[in-house]
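Source file model.cif; content: mmCIF, C-alpha atoms (C1' of nucleotides).
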```
data_data
loop_
_atom_site.label_atom_id
_atom_site.label_comp_id
_atom_site.auth_asym_id
_atom_site.auth_seq_id
_atom_site.Cartn_x
_atom_site.Cartn_y
_atom_site.Cartn_z
CA MET A 16 -9.19 9.36 11.88
CA PRO A 17 -8.66 5.85 10.53
CA TYR A 18 -6.50 3.10 11.97
CA ALA A 19 -3.06 2.02 10.96
CA THR A 20 -3.01 4.17 7.89
CA ASP A 21 -1.04 6.57 10.03
CA GLU A 22 2.28 4.95 9.46
CA ILE A 23 1.93 5.01 5.70
CA VAL A 24 0.75 8.59 5.67
CA LYS A 25 3.61 9.55 7.91
CA GLN A 26 6.04 7.98 5.51
CA LEU A 27 4.56 9.94 2.63
CA ARG A 28 5.04 13.21 4.39
CA GLU A 29 8.52 12.36 5.53
CA THR A 30 9.58 11.41 2.04
CA ARG A 31 8.13 14.58 0.61
CA GLU A 32 9.94 16.72 3.14
CA ARG A 33 13.19 14.97 2.41
CA LYS A 34 13.09 15.75 -1.26
CA PRO A 35 12.18 18.53 -0.31
CA LEU A 36 8.98 19.26 -2.17
CA SER A 37 6.19 21.60 -1.26
CA GLN A 38 2.69 20.25 -1.24
CA ARG A 39 1.94 22.26 -4.34
CA GLU A 40 4.93 20.87 -6.18
CA LEU A 41 3.95 17.37 -5.22
CA SER A 42 0.49 18.21 -6.36
CA GLN A 43 1.78 19.04 -9.82
CA LEU A 44 3.84 15.88 -9.98
CA SER A 45 1.13 13.58 -8.79
CA GLY A 46 -1.97 15.26 -10.16
CA VAL A 47 -3.56 15.28 -6.71
CA PRO A 48 -4.79 18.71 -5.56
CA GLN A 49 -2.79 20.41 -2.85
CA ALA A 50 -5.81 20.63 -0.59
CA GLN A 51 -6.20 16.90 -0.80
CA ILE A 52 -2.54 16.29 -0.04
CA SER A 53 -2.75 18.49 3.01
CA ARG A 54 -5.82 16.66 4.24
CA ILE A 55 -4.15 13.33 3.63
CA GLU A 56 -0.96 14.28 5.40
CA SER A 57 -2.40 16.03 8.38
CA ASN A 58 -5.73 14.61 9.24
CA SER A 59 -5.37 11.31 7.48
CA ILE A 60 -8.48 10.83 5.45
CA ASP A 61 -9.16 7.40 4.07
CA LEU A 62 -7.69 7.82 0.62
CA ARG A 63 -8.28 5.53 -2.31
CA LEU A 64 -5.61 3.20 -3.51
CA SER A 65 -5.23 5.01 -6.82
CA THR A 66 -4.58 8.27 -4.99
CA LEU A 67 -2.02 6.62 -2.78
CA ILE A 68 -0.27 5.19 -5.81
CA ALA A 69 -0.30 8.52 -7.61
CA ILE A 70 1.38 10.27 -4.72
CA ALA A 71 3.77 7.46 -4.03
CA HIS A 72 4.93 7.29 -7.62
CA ALA A 73 5.51 11.02 -7.66
CA LEU A 74 7.81 10.43 -4.70
CA ASP A 75 9.59 7.52 -6.36
CA LEU A 76 7.97 5.08 -4.02
CA GLU A 77 6.32 1.77 -4.76
CA ILE A 78 3.60 0.05 -2.81
CA ALA A 79 4.42 -3.46 -1.78
CA LEU A 80 2.46 -6.13 0.01
CA VAL A 81 4.94 -8.00 2.13
CA PRO A 82 4.47 -11.05 4.34
CA ARG A 83 4.53 -10.22 8.01
CA LYS A 84 7.53 -12.45 8.50
CA ALA A 85 9.54 -10.49 5.96
CA VAL A 86 8.80 -7.09 7.45
CA PRO A 87 12.00 -6.76 9.50
CA ALA A 88 14.19 -7.61 6.53
CA ILE A 89 12.27 -5.18 4.37
CA LYS A 90 12.57 -2.43 6.92
CA SER A 91 16.28 -2.89 7.14
CA ILE A 92 16.60 -2.45 3.40
CA THR A 93 14.32 0.54 3.12
CA ARG A 94 16.08 2.21 6.01
CA GLN A 95 19.31 1.99 4.09
CA THR A 96 17.93 3.58 0.97
CA MET A 97 15.68 5.99 2.78
CA ASP A 98 18.39 7.28 5.06
CA ALA A 99 20.61 7.75 2.05
CA ALA A 100 18.35 10.65 1.17
CA SER A 101 19.44 12.50 4.22
CA ILE A 102 17.57 15.20 6.00
CA GLN A 103 19.48 18.46 5.72
CA ALA A 104 19.73 21.08 8.38
CA PRO A 105 16.87 23.55 7.99
CA GLU A 106 18.94 26.37 6.47
CA ILE A 107 20.55 23.99 4.01
CA ALA A 108 17.18 22.51 3.10
CA ARG A 109 15.81 25.97 2.40
CA GLU A 110 18.79 26.92 0.27
CA MET A 111 18.49 23.67 -1.64
CA ARG A 112 14.88 24.50 -2.37
CA ARG A 113 15.87 27.89 -3.68
CA LEU A 114 18.58 26.31 -5.76
CA ARG A 115 16.13 23.84 -7.23
CA ALA A 116 13.83 26.68 -8.16
CA SER A 117 16.69 28.52 -9.85
CA ILE A 118 17.66 25.42 -11.79
CA HIS A 119 14.11 25.11 -12.94
CA ARG A 120 14.08 28.73 -14.06
CA THR A 121 17.32 28.12 -15.92
CA GLN A 122 15.81 25.22 -17.78
CA VAL A 123 12.89 27.40 -18.74
CA ALA A 124 15.13 30.27 -19.82
CA PHE A 125 17.48 28.09 -21.90
CA PRO A 126 15.41 25.08 -22.82
CA SER A 127 17.86 23.55 -25.30
CA LEU A 128 20.97 24.01 -23.22
CA PRO A 129 22.84 20.70 -22.96
CA GLN A 130 24.23 21.60 -19.54
CA ASN A 131 20.74 21.42 -18.11
CA GLU A 132 21.15 17.71 -17.63
CA ASP A 133 24.37 18.30 -15.68
CA LEU A 134 22.62 20.74 -13.43
CA ARG A 135 19.84 18.30 -12.75
CA SER A 136 22.05 15.31 -12.05
CA SER A 137 24.45 17.26 -9.88
CA PHE A 138 21.57 18.54 -7.83
CA MET A 139 20.06 15.09 -7.44
CA PHE A 140 23.42 13.72 -6.43
CA VAL A 141 24.31 16.37 -3.88
CA GLN A 142 20.87 16.07 -2.38
CA GLN A 143 21.61 12.50 -1.38
CA TRP A 144 24.39 13.54 0.98
CA PRO A 145 24.50 15.41 4.23
CA ILE A 146 25.68 18.88 3.32
CA PRO A 147 27.89 20.58 5.90
CA ALA A 148 26.67 23.95 7.08
CA ASN A 149 29.84 25.70 5.89
CA ASP A 150 28.86 24.86 2.33
CA PHE A 151 25.86 27.10 2.63
CA GLY A 152 27.81 29.82 0.85
CA THR A 153 28.71 27.48 -1.97
CA LEU A 154 25.11 26.63 -2.63
CA ARG A 155 24.19 30.27 -2.46
CA SER A 156 26.87 31.39 -4.89
CA ILE A 157 25.87 28.70 -7.35
CA ARG A 158 22.31 29.88 -7.21
CA VAL A 159 23.25 33.54 -7.57
CA ALA A 160 25.40 32.72 -10.58
CA LEU A 161 22.50 30.92 -12.16
CA GLU A 162 20.14 33.80 -11.58
CA ARG A 163 22.66 36.21 -13.04
CA ALA A 164 23.02 34.05 -16.12
CA ILE A 165 19.27 34.13 -16.52
CA GLY A 166 19.15 37.88 -16.07
CA ASN A 167 21.92 38.47 -18.60
CA HIS A 168 20.41 36.03 -21.11
CA SER A 169 23.92 34.61 -21.38
CA SER A 170 23.73 30.87 -21.32
CA ASP A 171 27.50 30.71 -21.47
CA ASP A 172 27.81 31.69 -17.81
CA VAL A 173 26.09 28.47 -16.89
CA ALA A 174 29.21 26.51 -17.73
CA ASP A 175 31.09 28.01 -14.78
CA VAL A 176 28.26 27.05 -12.50
CA ILE A 177 28.50 23.47 -13.67
CA ASN A 178 32.14 23.35 -12.60
CA ASP A 179 31.43 24.82 -9.19
CA PHE A 180 28.64 22.36 -8.77
CA ARG A 181 30.81 19.43 -9.76
CA SER A 182 33.52 20.29 -7.30
CA LEU A 183 30.97 20.66 -4.54
CA ARG A 184 29.65 17.29 -5.51
CA ASN A 185 33.04 15.67 -5.22
CA ARG A 186 33.92 17.41 -2.00
CA ILE A 187 30.74 16.29 -0.30
CA ALA A 188 30.84 12.74 -1.58
CA HIS A 189 34.39 12.23 -0.44
CA ALA A 190 33.98 13.90 2.89
CA PRO A 191 34.96 11.93 6.01
CA PRO A 192 32.16 9.56 7.03
CA ALA A 193 30.67 11.95 9.51
CA SER A 194 32.12 10.89 12.83
CA ASP A 195 33.78 13.96 14.25
CA ARG A 196 34.51 17.00 12.23
CA ASP A 197 34.88 19.13 15.28
CA ASP A 198 33.26 22.29 13.98
CA GLN A 199 29.63 22.98 14.59
CA THR A 200 28.77 21.11 11.45
CA ARG A 201 25.98 18.70 12.13
CA PRO A 202 27.00 16.18 9.49
CA ALA A 203 23.57 14.65 9.18
CA TYR A 204 20.38 15.87 10.66
CA SER A 205 18.64 13.80 13.27
CA LEU A 206 17.15 10.91 11.39
CA ASP A 207 14.46 9.87 13.76
CA GLU A 208 12.59 13.10 14.24
CA ASP A 209 9.55 11.80 16.07
CA ASP A 210 9.76 8.13 15.42
CA ASP A 211 7.44 7.27 18.22
CA GLY A 212 3.75 7.72 17.64
CA MET B 24 -10.74 -0.17 -14.10
CA PRO B 25 -7.90 1.80 -12.45
CA TYR B 26 -4.25 1.69 -13.32
CA ALA B 27 -1.51 -0.05 -11.49
CA THR B 28 -3.71 -1.24 -8.68
CA ASP B 29 -3.92 -4.46 -10.64
CA GLU B 30 -0.70 -5.85 -9.34
CA ILE B 31 -1.63 -5.30 -5.74
CA VAL B 32 -5.09 -6.72 -6.19
CA LYS B 33 -3.62 -9.71 -7.96
CA GLN B 34 -1.32 -10.30 -5.05
CA LEU B 35 -4.24 -10.21 -2.65
CA ARG B 36 -6.11 -12.87 -4.56
CA GLU B 37 -3.05 -15.01 -4.98
CA THR B 38 -2.29 -14.88 -1.28
CA ARG B 39 -5.85 -15.75 -0.41
CA GLU B 40 -5.84 -18.71 -2.73
CA ARG B 41 -2.60 -19.94 -1.29
CA LYS B 42 -3.91 -20.08 2.23
CA PRO B 43 -6.39 -21.29 0.89
CA LEU B 44 -9.31 -19.21 2.08
CA SER B 45 -12.70 -18.73 0.50
CA GLN B 46 -13.91 -15.21 -0.04
CA ARG B 47 -16.45 -15.73 2.71
CA GLU B 48 -13.82 -16.89 5.16
CA LEU B 49 -11.63 -13.95 4.34
CA SER B 50 -14.67 -11.79 4.76
CA GLN B 51 -15.10 -13.02 8.31
CA LEU B 52 -11.44 -12.49 9.10
CA SER B 53 -11.20 -9.03 7.64
CA GLY B 54 -14.68 -7.70 8.27
CA VAL B 55 -15.09 -6.82 4.63
CA PRO B 56 -18.25 -8.25 3.03
CA GLN B 57 -17.78 -11.08 0.56
CA ALA B 58 -19.48 -9.14 -2.20
CA GLN B 59 -16.94 -6.39 -1.77
CA ILE B 60 -14.04 -8.81 -1.82
CA SER B 61 -15.31 -10.31 -5.03
CA ARG B 62 -15.62 -6.89 -6.61
CA ILE B 63 -12.14 -5.96 -5.48
CA GLU B 64 -10.54 -9.14 -6.72
CA SER B 65 -12.28 -9.44 -10.02
CA ASN B 66 -13.25 -6.09 -11.31
CA SER B 67 -10.71 -4.05 -9.38
CA ILE B 68 -12.64 -1.19 -7.90
CA ASP B 69 -10.68 1.63 -6.37
CA LEU B 70 -10.71 0.54 -2.78
CA ARG B 71 -9.84 2.72 0.17
CA LEU B 72 -6.63 2.33 2.07
CA SER B 73 -8.37 1.15 5.22
CA THR B 74 -10.09 -1.60 3.28
CA LEU B 75 -6.84 -2.66 1.73
CA ILE B 76 -5.21 -2.78 5.12
CA ALA B 77 -8.06 -4.76 6.62
CA ILE B 78 -7.82 -7.42 3.94
CA ALA B 79 -4.03 -7.43 3.93
CA HIS B 80 -3.82 -7.90 7.68
CA ALA B 81 -6.26 -10.76 7.52
CA LEU B 82 -3.86 -12.36 5.08
CA ASP B 83 -0.82 -11.68 7.26
CA LEU B 84 0.43 -9.05 4.88
CA GLU B 85 1.76 -5.60 5.56
CA ILE B 86 1.69 -2.63 3.27
CA ALA B 87 5.04 -1.03 2.72
CA LEU B 88 6.16 2.04 0.85
CA VAL B 89 9.51 1.21 -0.63
CA PRO B 90 11.91 3.41 -2.59
CA ARG B 91 12.01 2.54 -6.26
CA LYS B 92 15.67 1.69 -6.00
CA ALA B 93 15.01 -0.90 -3.33
CA VAL B 94 12.26 -2.68 -5.20
CA PRO B 95 14.40 -5.48 -6.65
CA ALA B 96 15.87 -6.30 -3.26
CA ILE B 97 12.43 -6.27 -1.70
CA LYS B 98 11.01 -8.49 -4.38
CA SER B 99 13.74 -11.01 -3.88
CA ILE B 100 12.93 -11.20 -0.19
CA THR B 101 9.19 -11.43 -0.60
CA ARG B 102 9.60 -14.09 -3.27
CA GLN B 103 11.47 -16.20 -0.75
CA THR B 104 8.80 -15.93 1.90
CA MET B 105 5.90 -15.95 -0.50
CA ASP B 106 7.06 -19.03 -2.34
CA ALA B 107 7.56 -20.69 0.99
CA ALA B 108 3.79 -20.77 1.22
CA SER B 109 3.66 -23.03 -1.74
CA ILE B 110 0.77 -23.55 -4.03
CA GLN B 111 -0.50 -27.07 -3.62
CA ALA B 112 -1.84 -29.25 -6.35
CA PRO B 113 -5.60 -28.73 -6.66
CA GLU B 114 -6.63 -31.98 -5.00
CA ILE B 115 -4.25 -31.38 -2.13
CA ALA B 116 -5.46 -27.82 -1.75
CA ARG B 117 -9.03 -29.02 -1.55
CA GLU B 118 -8.21 -31.66 1.01
CA MET B 119 -6.31 -29.10 3.07
CA ARG B 120 -9.38 -26.94 3.06
CA ARG B 121 -11.50 -29.80 4.30
CA LEU B 122 -8.93 -30.54 6.95
CA ARG B 123 -8.92 -26.96 8.11
CA ALA B 124 -12.69 -27.05 8.39
CA SER B 125 -12.50 -30.23 10.45
CA ILE B 126 -9.91 -28.73 12.75
CA HIS B 127 -12.15 -25.78 13.25
CA ARG B 128 -15.07 -28.06 14.07
CA THR B 129 -12.84 -29.87 16.53
CA GLN B 130 -11.98 -26.65 18.29
CA VAL B 131 -15.65 -25.85 18.53
CA ALA B 132 -16.50 -29.31 19.80
CA PHE B 133 -13.74 -29.41 22.42
CA PRO B 134 -12.98 -25.78 23.17
CA SER B 135 -10.70 -26.34 26.14
CA LEU B 136 -8.66 -29.16 24.65
CA PRO B 137 -4.95 -28.38 24.97
CA GLN B 138 -4.14 -30.32 21.79
CA ASN B 139 -6.02 -27.76 19.77
CA GLU B 140 -2.90 -25.65 19.62
CA ASP B 141 -0.92 -28.59 18.29
CA LEU B 142 -3.49 -29.14 15.59
CA ARG B 143 -3.34 -25.53 14.56
CA SER B 144 0.41 -25.23 14.50
CA SER B 145 0.89 -28.51 12.68
CA PHE B 146 -1.56 -27.41 10.05
CA MET B 147 0.11 -24.04 9.63
CA PHE B 148 3.47 -25.72 9.36
CA VAL B 149 2.52 -28.37 6.84
CA GLN B 150 0.76 -25.77 4.76
CA GLN B 151 4.09 -24.06 4.17
CA TRP B 152 5.53 -27.01 2.27
CA PRO B 153 4.74 -28.61 -1.02
CA ILE B 154 2.75 -31.69 -0.17
CA PRO B 155 3.34 -34.69 -2.43
CA ALA B 156 0.26 -36.14 -4.04
CA ASN B 157 0.79 -39.52 -2.39
CA ASP B 158 0.17 -37.95 0.98
CA PHE B 159 -3.36 -37.21 0.00
CA GLY B 160 -4.46 -40.31 1.88
CA THR B 161 -2.61 -39.18 4.98
CA LEU B 162 -4.42 -35.90 5.04
CA ARG B 163 -7.71 -37.64 4.44
CA SER B 164 -7.23 -40.16 7.24
CA ILE B 165 -6.30 -37.41 9.66
CA ARG B 166 -9.44 -35.56 8.78
CA VAL B 167 -11.62 -38.65 9.05
CA ALA B 168 -10.16 -39.42 12.45
CA LEU B 169 -10.96 -35.92 13.62
CA GLU B 170 -14.52 -36.15 12.41
CA ARG B 171 -14.95 -39.50 14.12
CA ALA B 172 -13.65 -38.03 17.36
CA ILE B 173 -16.17 -35.27 17.06
CA GLY B 174 -18.96 -37.72 16.32
CA ASN B 175 -18.04 -39.90 19.28
CA HIS B 176 -17.64 -36.95 21.64
CA SER B 177 -14.35 -38.56 22.63
CA SER B 178 -11.68 -35.94 22.79
CA ASP B 179 -9.16 -38.64 23.66
CA ASP B 180 -9.05 -39.84 20.07
CA VAL B 181 -7.62 -36.52 19.08
CA ALA B 182 -4.26 -37.47 20.61
CA ASP B 183 -3.67 -40.12 17.94
CA VAL B 184 -4.38 -37.59 15.27
CA ILE B 185 -1.76 -35.30 16.70
CA ASN B 186 0.85 -38.00 16.32
CA ASP B 187 -0.11 -38.76 12.74
CA PHE B 188 -0.01 -35.09 12.00
CA ARG B 189 3.41 -34.66 13.57
CA SER B 190 4.94 -37.49 11.58
CA LEU B 191 3.49 -36.09 8.38
CA ARG B 192 4.98 -32.79 9.33
CA ASN B 193 8.43 -34.23 9.78
CA ARG B 194 8.28 -36.34 6.67
CA ILE B 195 7.33 -33.39 4.50
CA ALA B 196 9.82 -31.01 6.01
CA HIS B 197 12.72 -33.38 5.54
CA ALA B 198 11.73 -34.52 2.10
CA PRO B 199 14.32 -34.23 -0.69
CA PRO B 200 14.43 -30.70 -2.07
CA ALA B 201 12.09 -31.51 -4.91
CA SER B 202 14.36 -32.23 -7.85
CA ASP B 203 13.36 -35.64 -9.16
CA ARG B 204 11.17 -37.99 -7.25
CA ASP B 205 10.41 -40.02 -10.30
CA ASP B 206 6.75 -40.76 -9.64
CA GLN B 207 4.04 -38.57 -11.03
CA THR B 208 4.33 -36.43 -7.92
CA ARG B 209 4.54 -32.83 -8.86
CA PRO B 210 6.64 -31.75 -5.87
CA ALA B 211 5.62 -28.13 -6.03
CA TYR B 212 2.93 -26.69 -8.12
CA SER B 213 3.85 -24.32 -10.89
CA LEU B 214 4.74 -21.12 -9.13
CA ASP B 215 4.18 -18.69 -11.92
CA GLU B 216 0.63 -19.53 -12.87
CA ASP B 217 -0.08 -16.62 -15.15
CA ASP B 218 2.62 -14.25 -14.16
CA ASP B 219 2.32 -12.22 -17.30
CA GLY B 220 -0.13 -9.38 -16.96
"C1'" DA C 24 -29.60 -36.99 -6.88
"C1'" DG C 25 -30.10 -33.48 -3.29
"C1'" DA C 26 -27.80 -30.22 -0.23
"C1'" DA C 27 -24.20 -27.04 0.57
"C1'" DT C 28 -20.50 -23.93 -0.89
"C1'" DT C 29 -18.09 -21.11 -4.10
"C1'" DG C 30 -17.48 -16.73 -6.67
"C1'" DA C 31 -19.94 -13.27 -9.26
"C1'" DT C 32 -23.67 -9.87 -9.61
"C1'" DA C 33 -27.84 -6.78 -8.85
"C1'" DT C 34 -30.07 -3.29 -6.12
"C1'" DA C 35 -30.71 0.33 -2.91
"C1'" DT C 36 -29.06 3.45 0.81
"C1'" DA C 37 -25.70 5.91 3.52
"C1'" DA C 38 -21.40 7.93 3.72
"C1'" DA C 39 -17.14 9.13 2.01
"C1'" DT C 40 -13.56 10.60 -1.30
"C1'" DC C 41 -12.31 13.73 -4.88
"C1'" DG C 42 -11.86 17.78 -7.43
"C1'" DA C 43 -12.23 22.68 -8.12
"C1'" DC C 44 -12.48 26.39 -6.30
"C1'" DA C 45 -11.48 30.03 -2.32
"C1'" DT C 46 -9.47 31.69 1.88
"C1'" DC C 47 -6.35 32.24 5.73
"C1'" DA C 48 -2.36 32.90 9.05
"C1'" DA C 49 2.55 32.12 9.35
"C1'" DC C 50 6.61 32.71 7.41
"C1'" DA C 51 10.16 33.99 3.66
"C1'" DT C 52 11.85 36.93 0.33
"C1'" DC C 53 13.07 41.10 -1.72
"C1'" DG D 5 6.96 46.84 4.74
"C1'" DA D 6 5.06 44.81 0.37
"C1'" DT D 7 4.93 40.54 -2.01
"C1'" DG D 8 5.00 35.62 -2.52
"C1'" DT D 9 4.89 31.03 -0.75
"C1'" DT D 10 3.58 27.38 2.38
"C1'" DG D 11 0.33 24.43 4.69
"C1'" DA D 12 -4.26 24.15 6.58
"C1'" DT D 13 -9.32 24.66 6.04
"C1'" DG D 14 -14.07 25.62 4.13
"C1'" DT D 15 -17.67 24.69 0.77
"C1'" DC D 16 -20.10 22.54 -2.99
"C1'" DG D 17 -21.23 19.06 -6.26
"C1'" DA D 18 -20.23 14.83 -8.76
"C1'" DT D 19 -18.74 10.38 -8.36
"C1'" DT D 20 -17.68 6.31 -5.84
"C1'" DT D 21 -17.05 3.32 -2.22
"C1'" DA D 22 -19.03 0.53 1.34
"C1'" DT D 23 -22.61 -2.15 3.54
"C1'" DA D 24 -26.55 -4.99 3.62
"C1'" DT D 25 -29.22 -8.34 1.08
"C1'" DA D 26 -30.48 -11.29 -2.28
"C1'" DT D 27 -29.79 -14.12 -6.10
"C1'" DC D 28 -27.58 -17.26 -9.45
"C1'" DA D 29 -24.75 -20.75 -12.05
"C1'" DA D 30 -21.12 -23.82 -11.29
"C1'" DT D 31 -18.84 -26.96 -8.26
"C1'" DT D 32 -18.39 -29.81 -4.52
"C1'" DC D 33 -19.96 -32.76 -0.79
"C1'" DT D 34 -22.80 -36.33 1.31
#
```
Let me see the file written as structure tokens.
Amino acid sequence: MPYATDEIVKQLRETRERKPLSQRELSQLSGVPQAQISRIESNSIDLRLSTLIAIAHALDLEIALVPRKAVPAIKSITRQTMDAASIQAPEIAREMRRLRASIHRTQVAFPSLPQNEDLRSSFMFVQQWPIPANDFGTLRSIRVALERAIGNHSSDDVADVINDFRSLRNRIAHAPPASDRDDQTRPAYSLDEDDDG
Amino acid sequence: MPYATDEIVKQLRETRERKPLSQRELSQLSGVPQAQISRIESNSIDLRLSTLIAIAHALDLEIALVPRKAVPAIKSITRQTMDAASIQAPEIAREMRRLRASIHRTQVAFPSLPQNEDLRSSFMFVQQWPIPANDFGTLRSIRVALERAIGNHSSDDVADVINDFRSLRNRIAHAPPASDRDDQTRPAYSLDEDDDG
DNA sequence: AGAATTGATATATAAATCGACATCAACATC
DNA sequence: GATGTTGATGTCGATTTATATATCAATTCT
């Protein structure tokens, strides 16, 4: 209902979906109830500054008061870093969510496993890049391997996963800069969604 | 009482004092009661986003959500533009406030005077620069001339003021970049005030 | 010195957020 | 097809903001 809060709220939701986090996950990270997050995102209630900060911090965002004159420059910078966290195609995004869940389960199953850090960083890294659709299988196999390791209580199997993950990481990072790979791969998902509004 | 709202609130007050606006003036501009502004600035209550936006807009500020990674770059930009609106020495700041009041009275006295726009823009421009203490008299004489014009109901006298104002404007803008003008002139006022938190 | 302005507070009322539930339809997963 | 998850809503109660006024000490202006 309120005024120009829309743009900020929109940015919150967009950032959350890029991670991608569910409202309940964000709730856990930020301490703000899921119901409240939903109300904030959809209907835009007039939230308090502390709530805004809590959510923003959970999303690795900071709140800045910038002079009107500086807004264009600021936007150009934030676009760069924001777009770096690219929106994945829906199927990829879903698989990445599943993978994240599996990684989490792995960390719970083998809490003191040193490779956990590798898993986390590889995931964070890969997430930053547009993942081609033909790597869907790669993601899936990584996840399956993880789940199997959990099921077998054999933390050793995780090591193989790390290697697969690393090679995926390198392949994606060094991929051609997304001009024309003629297959149906949509190298990055449409960035502007519904930018009007 | 809340957490990291302090920094934002601090920035609001600092910006207001740089203009310089009184809490009551800012109240008129933003629509937020003076009592509320005082509470926000001093005691830091947990204000709503719409209130924050109202005040920020009145101060020519925008609220931006920036990725953590981009914060240093952002800060460097905002510093540039923020410091451009320099803090004046206290006596100068006071005189500028009086001058602004006089300009406002002039605009009320002669509403359809075309020079009003010149007055406004010259003021806004000069305000952006560090004003040397020895120009105190210049500011004062400009103000006195304005008040006399108002008293005499002679809008013609305003023209002279415009010229004085313009020359001040040029002199200040082309002044040496504030390294050592050996007189007691503090070219810019200490920028960091109490930057520690 | 007397008048006006500044920022800080006090009080009382209306309205809103916030949190902790619970529930629901749509969709995903197995 | 059964189960689980996601986002959107509903309600209730406690807390808080926000607004409107009024006041006050400290400066500042005339």
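Going from CA of Arg39 in chain A over to CA of Ile177 in chain A, you cover 28.2 Å.
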**OP:** Could you expand the PyMOL selection byres ((chain B) within 8 of (chain A)) into the explicit residues it covers here, written as a PyMOL selection string?
**Re:** chain B and resi 25-28+31+34+69-73+75-76+79+83-94+96-97+100-101+104-105
**OP:** Report the distance between CA of Ile78 in chain B and CA of Pro134 in chain B in Å, rounded to one decimal place.
**Re:**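 A separation of 27.1 Å between them.
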Original post:
When the cut-off is 10 Å and we count only C-alpha atoms (C1' of nucleotides), which residues of chain D are near chain B, given as a count of residues only?
Top reply: 6
For chain C against chain B, with a cut-off of 9 Å and counting all atoms listed in the file, what is the closest atom pair and its distance in Å to one decimal for every residue that makes the cut, ordered by chain and number, as JSON lines?
```
{"residue": "C:DT29", "atom": "C1'", "partner": "B:Ser45", "partner_atom": "CA", "distance": 7.5}
{"residue": "C:DG30", "atom": "C1'", "partner": "B:Ser61", "partner_atom": "CA", "distance": 7.0}
{"residue": "C:DA31", "atom": "C1'", "partner": "B:Ser61", "partner_atom": "CA", "distance": 6.9}
{"residue": "C:DT32", "atom": "C1'", "partner": "B:Ala58", "partner_atom": "CA", "distance": 8.5}
{"residue": "C:DT40", "atom": "C1'", "partner": "B:Arg71", "partner_atom": "CA", "distance": 8.8}
```
Subject >> Two-atom distance - CA of Ile157 in chain A, CA of Ser136 in chain A (Å) >> reply: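 Going from CA of Ile157 in chain A over to CA of Ser136 in chain A covers 14.7 Å.
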Subject >> Close residues, Asp179 in chain B itself excluded, 12 Å, only C-alpha atoms (C1' of nucleotides), min 2 positions apart in chain, as a VMD selection string >> reply: chain B and resid 129 133 136 to 139 168 to 169 171 to 173 175 to 177 181 to 185
**OP:** Could you state which residues are captured by the PyMOL selection byres ((chain A and resi 150) around 12) in this file, as a PyMOL selection string?
**Re:** chain A and resi 103-104+106-108+110-111+141+145-149+151-157+179-180+182-184+186-187+200-202
Requested write-out: C-alpha atoms of the selected residues, as a PDB file, keeping the file's coordinate frame:
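Now in selection.pdb:
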```
ATOM      1  CA  GLN A 103      19.480  18.460   5.720  1.00  0.00           C
ATOM      2  CA  ALA A 104      19.730  21.080   8.380  1.00  0.00           C
ATOM      3  CA  GLU A 106      18.940  26.370   6.470  1.00  0.00           C
ATOM      4  CA  ILE A 107      20.550  23.990   4.010  1.00  0.00           C
ATOM      5  CA  ALA A 108      17.180  22.510   3.100  1.00  0.00           C
ATOM      6  CA  GLU A 110      18.790  26.920   0.270  1.00  0.00           C
ATOM      7  CA  MET A 111      18.490  23.670  -1.640  1.00  0.00           C
ATOM      8  CA  VAL A 141      24.310  16.370  -3.880  1.00  0.00           C
ATOM      9  CA  PRO A 145      24.500  15.410   4.230  1.00  0.00           C
ATOM     10  CA  ILE A 146      25.680  18.880   3.320  1.00  0.00           C
ATOM     11  CA  PRO A 147      27.890  20.580   5.900  1.00  0.00           C
ATOM     12  CA  ALA A 148      26.670  23.950   7.080  1.00  0.00           C
ATOM     13  CA  ASN A 149      29.840  25.700   5.890  1.00  0.00           C
ATOM     14  CA  PHE A 151      25.860  27.100   2.630  1.00  0.00           C
ATOM     15  CA  GLY A 152      27.810  29.820   0.850  1.00  0.00           C
ATOM     16  CA  THR A 153      28.710  27.480  -1.970  1.00  0.00           C
ATOM     17  CA  LEU A 154      25.110  26.630  -2.630  1.00  0.00           C
ATOM     18  CA  ARG A 155      24.190  30.270  -2.460  1.00  0.00           C
ATOM     19  CA  SER A 156      26.870  31.390  -4.890  1.00  0.00           C
ATOM     20  CA  ILE A 157      25.870  28.700  -7.350  1.00  0.00           C
ATOM     21  CA  ASP A 179      31.430  24.820  -9.190  1.00  0.00           C
ATOM     22  CA  PHE A 180      28.640  22.360  -8.770  1.00  0.00           C
ATOM     23  CA  SER A 182      33.520  20.290  -7.300  1.00  0.00           C
ATOM     24  CA  LEU A 183      30.970  20.660  -4.540  1.00  0.00           C
ATOM     25  CA  ARG A 184      29.650  17.290  -5.510  1.00  0.00           C
ATOM     26  CA  ARG A 186      33.920  17.410  -2.000  1.00  0.00           C
ATOM     27  CA  ILE A 187      30.740  16.290  -0.300  1.00  0.00           C
ATOM     28  CA  THR A 200      28.770  21.110  11.450  1.00  0.00           C
ATOM     29  CA  ARG A 201      25.980  18.700  12.130  1.00  0.00           C
ATOM     30  CA  PRO A 202      27.000  16.180   9.490  1.00  0.00           C
TER      31      PRO A 202
END
```
**OP:** Give as a PyMOL selection string the residues that the PyMOL selection byres ((chain C and resi 35) around 10) matches when applied to the coordinates above.
**Re:** (chain C and resi 33-34+36-37) or (chain D and resi 24-25)
